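Structure record follows, encoded as structure tokens.
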Amino acid sequence: MSEVLHPVNVRDPRFAVCGTLLEPQDDPARFGPQDASLHFDQGDHPRFYLMRLRRRPPQVAAMTRHRLVSQCLGSADAQPFWMVVAPPGDTIAAEALLLVKLHPGEGLKLHPGTWHSGPYFSESTALFFNLELSRTNENDHNATALNTPRPLALI
């Protein structure tokens, strides 16, 4: 069996090449580095929707990337959740995999090209706010299997 992937703090500097942590901020607030710098200029209309997911086994066997768009995710029902991410690139290095945990009230923006798997969560179902392009899952969904699936420590 392969080595268990343990969570790192989403503020770990290695996450910065993959995405941006989104945290609550007072309104009104000026745009700054704490915000999601969105990339939707290479496709059609943005799509913001409420995504319902069923819990999946705590292991990563494949990862996906969207080359043309940034993607934003946040728990709509205030559950903690985990994402596996790896830096943008043509290949996924096993040592570059990061399991990050997001707490209730936090979200993330993934940079274009970031490899990702998840979200993972502990309840049987969960709701997520998802922002991407309207055709991302049709024309910008690039998936690849990992050489060795990795179990996840969702703690």
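Just so we're on the same page: first chain in the structure tokens is A, next is B, and so on; residues restart at 1 for each chain, and ligands are numbered from 1 in the order they show up.
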- Message: Let's see if you can do this: from backbone DSSP, list all strand (DSSP E or B) residues in segment 7-155 of chain A, as a ChimeraX atom specification.
- Response: /A:7-8,19-22,46-54,59-65,71-75,81-86,98-102,107-110,115-120,125-133,142-152
Store the residues of this selection in a file with C-alpha atoms, as a short mmCIF file (atom, residue, chain, number, x, y, z; two decimals), in the first residue's frame.
```cif
data_model
loop_
_atom_site.label_atom_id
_atom_site.label_comp_id
_atom_site.auth_asym_id
_atom_site.auth_seq_id
_atom_site.Cartn_x
_atom_site.Cartn_y
_atom_site.Cartn_z
CA PRO A 7 -3.03 17.37 5.33
CA VAL A 8 -0.88 20.47 5.30
CA GLY A 19 -4.39 28.61 -5.67
CA THR A 20 -5.60 31.26 -3.27
CA LEU A 21 -7.19 30.76 0.14
CA LEU A 22 -10.45 32.72 0.41
CA PRO A 46 -19.03 32.10 -16.05
CA ARG A 47 -21.16 29.55 -14.24
CA PHE A 48 -21.88 29.85 -10.52
CA TYR A 49 -23.86 26.95 -9.11
CA LEU A 50 -24.63 24.89 -6.04
CA MET A 51 -23.01 21.47 -6.49
CA ARG A 52 -24.27 18.44 -4.53
CA LEU A 53 -21.74 15.66 -4.01
CA ARG A 54 -21.75 12.27 -2.35
CA GLN A 59 -8.04 8.14 -1.61
CA VAL A 60 -6.78 9.94 -4.67
CA ALA A 61 -6.39 7.76 -7.77
CA ALA A 62 -6.76 10.42 -10.49
CA MET A 63 -6.54 14.19 -10.81
CA THR A 64 -8.14 16.79 -13.05
CA ARG A 65 -7.08 20.19 -14.30
CA GLN A 71 -12.18 27.50 -10.36
CA CYS A 72 -13.57 28.59 -7.00
CA LEU A 73 -15.03 26.23 -4.39
CA GLY A 74 -16.53 26.79 -0.97
CA SER A 75 -18.70 24.73 1.34
CA PHE A 81 -13.46 19.78 3.36
CA TRP A 82 -10.17 18.63 1.86
CA MET A 83 -8.66 19.01 -1.61
CA VAL A 84 -5.65 17.30 -3.13
CA VAL A 85 -3.73 19.73 -5.36
CA ALA A 86 -0.56 19.71 -7.43
CA LEU A 98 -0.67 18.43 -1.24
CA LEU A 99 -3.73 17.55 0.79
CA VAL A 100 -5.16 20.81 2.15
CA LYS A 101 -7.99 21.18 4.65
CA LEU A 102 -10.47 24.02 4.39
CA GLY A 107 -12.96 28.64 0.25
CA LEU A 108 -10.35 28.41 -2.44
CA LYS A 109 -9.58 29.58 -5.91
CA LEU A 110 -7.53 27.20 -8.04
CA TRP A 115 -4.22 19.58 -10.79
CA HIS A 116 -6.91 18.76 -8.22
CA SER A 117 -9.02 16.00 -6.73
CA GLY A 118 -11.93 16.45 -4.39
CA PRO A 119 -13.54 17.93 -2.53
CA TYR A 120 -13.44 15.23 0.14
CA THR A 125 -23.32 14.38 1.16
CA ALA A 126 -22.22 17.99 0.94
CA LEU A 127 -23.10 21.15 -0.95
CA PHE A 128 -20.50 23.38 -2.57
CA PHE A 129 -20.55 26.73 -4.30
CA ASN A 130 -18.70 26.26 -7.58
CA LEU A 131 -17.58 29.01 -9.95
CA GLU A 132 -16.14 28.04 -13.33
CA LEU A 133 -17.06 28.53 -16.99
CA ASN A 142 -8.37 17.11 -18.43
CA ALA A 143 -7.97 14.06 -16.19
CA THR A 144 -5.13 11.64 -15.60
CA ALA A 145 -4.71 8.57 -13.40
CA LEU A 146 -1.94 8.52 -10.83
CA ASN A 147 0.65 5.74 -11.09
CA THR A 148 -0.15 4.74 -7.51
CA PRO A 149 -3.36 5.70 -5.68
CA ARG A 150 -2.73 7.42 -2.35
CA PRO A 151 -4.88 7.01 0.77
CA LEU A 152 -5.86 10.28 2.47
#
```
- Please, which residues of chain A, numbered as in this document, come out helix (DSSP H, G or I) from DSSP, as an MDAnalysis selection string? chainID A and resid 13:17 94:96 136:139
Deliver the residues from the most recent selection as a file, using C-alpha atoms, as a tab-separated table (two decimals), in the first residue's frame.
```tsv
chain	number	residue	atom	x	y	z
A	13	PRO	CA	3.75	28.36	0.88
A	14	ARG	CA	3.63	25.36	-1.48
A	15	PHE	CA	-0.12	25.93	-1.95
A	16	ALA	CA	0.43	29.42	-3.42
A	17	VAL	CA	1.41	28.02	-6.85
A	94	ALA	CA	3.99	12.35	-6.60
A	95	GLU	CA	6.10	14.39	-4.17
A	96	ALA	CA	4.23	17.58	-5.18
A	136	THR	CA	-15.63	23.79	-18.32
A	137	ASN	CA	-16.77	20.20	-17.84
A	138	GLU	CA	-17.27	19.77	-21.59
A	139	ASN	CA	-14.20	21.37	-23.16
```
- Item | Nearby residues (only C-alpha atoms) at most 7 Å from Ala78 of chain A, same-chain spacing under 2 positions excluded, as a list in words | Ser75, Ala76, Pro80, Pro104 and Gly105 of chain A
N, CA and C atoms of the current selection, written as a PDB file, in the first residue's frame:
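Just written: out_1.pdb:
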```
ATOM      1  N   SER A  75     -17.627  25.522   0.761  1.00  0.00           N
ATOM      2  CA  SER A  75     -18.702  24.735   1.344  1.00  0.00           C
ATOM      3  C   SER A  75     -19.941  25.603   1.500  1.00  0.00           C
ATOM      4  N   ALA A  76     -21.063  25.127   0.974  1.00  0.00           N
ATOM      5  CA  ALA A  76     -22.330  25.851   1.105  1.00  0.00           C
ATOM      6  C   ALA A  76     -23.066  25.460   2.374  1.00  0.00           C
ATOM      7  N   PRO A  80     -16.184  21.326   7.002  1.00  0.00           N
ATOM      8  CA  PRO A  80     -14.783  21.291   6.573  1.00  0.00           C
ATOM      9  C   PRO A  80     -14.676  20.384   5.350  1.00  0.00           C
ATOM     10  N   PRO A 104     -14.780  25.505   7.902  1.00  0.00           N
ATOM     11  CA  PRO A 104     -16.015  26.246   7.620  1.00  0.00           C
ATOM     12  C   PRO A 104     -15.721  27.745   7.517  1.00  0.00           C
ATOM     13  N   GLY A 105     -16.301  28.381   6.518  1.00  0.00           N
ATOM     14  CA  GLY A 105     -16.067  29.801   6.295  1.00  0.00           C
ATOM     15  C   GLY A 105     -14.889  30.099   5.389  1.00  0.00           C
TER      16      GLY A 105
END
```
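We find atom CA of His45 of chain A and atom CA of Val69 of chain A to be spaced 11.1 Å apart.
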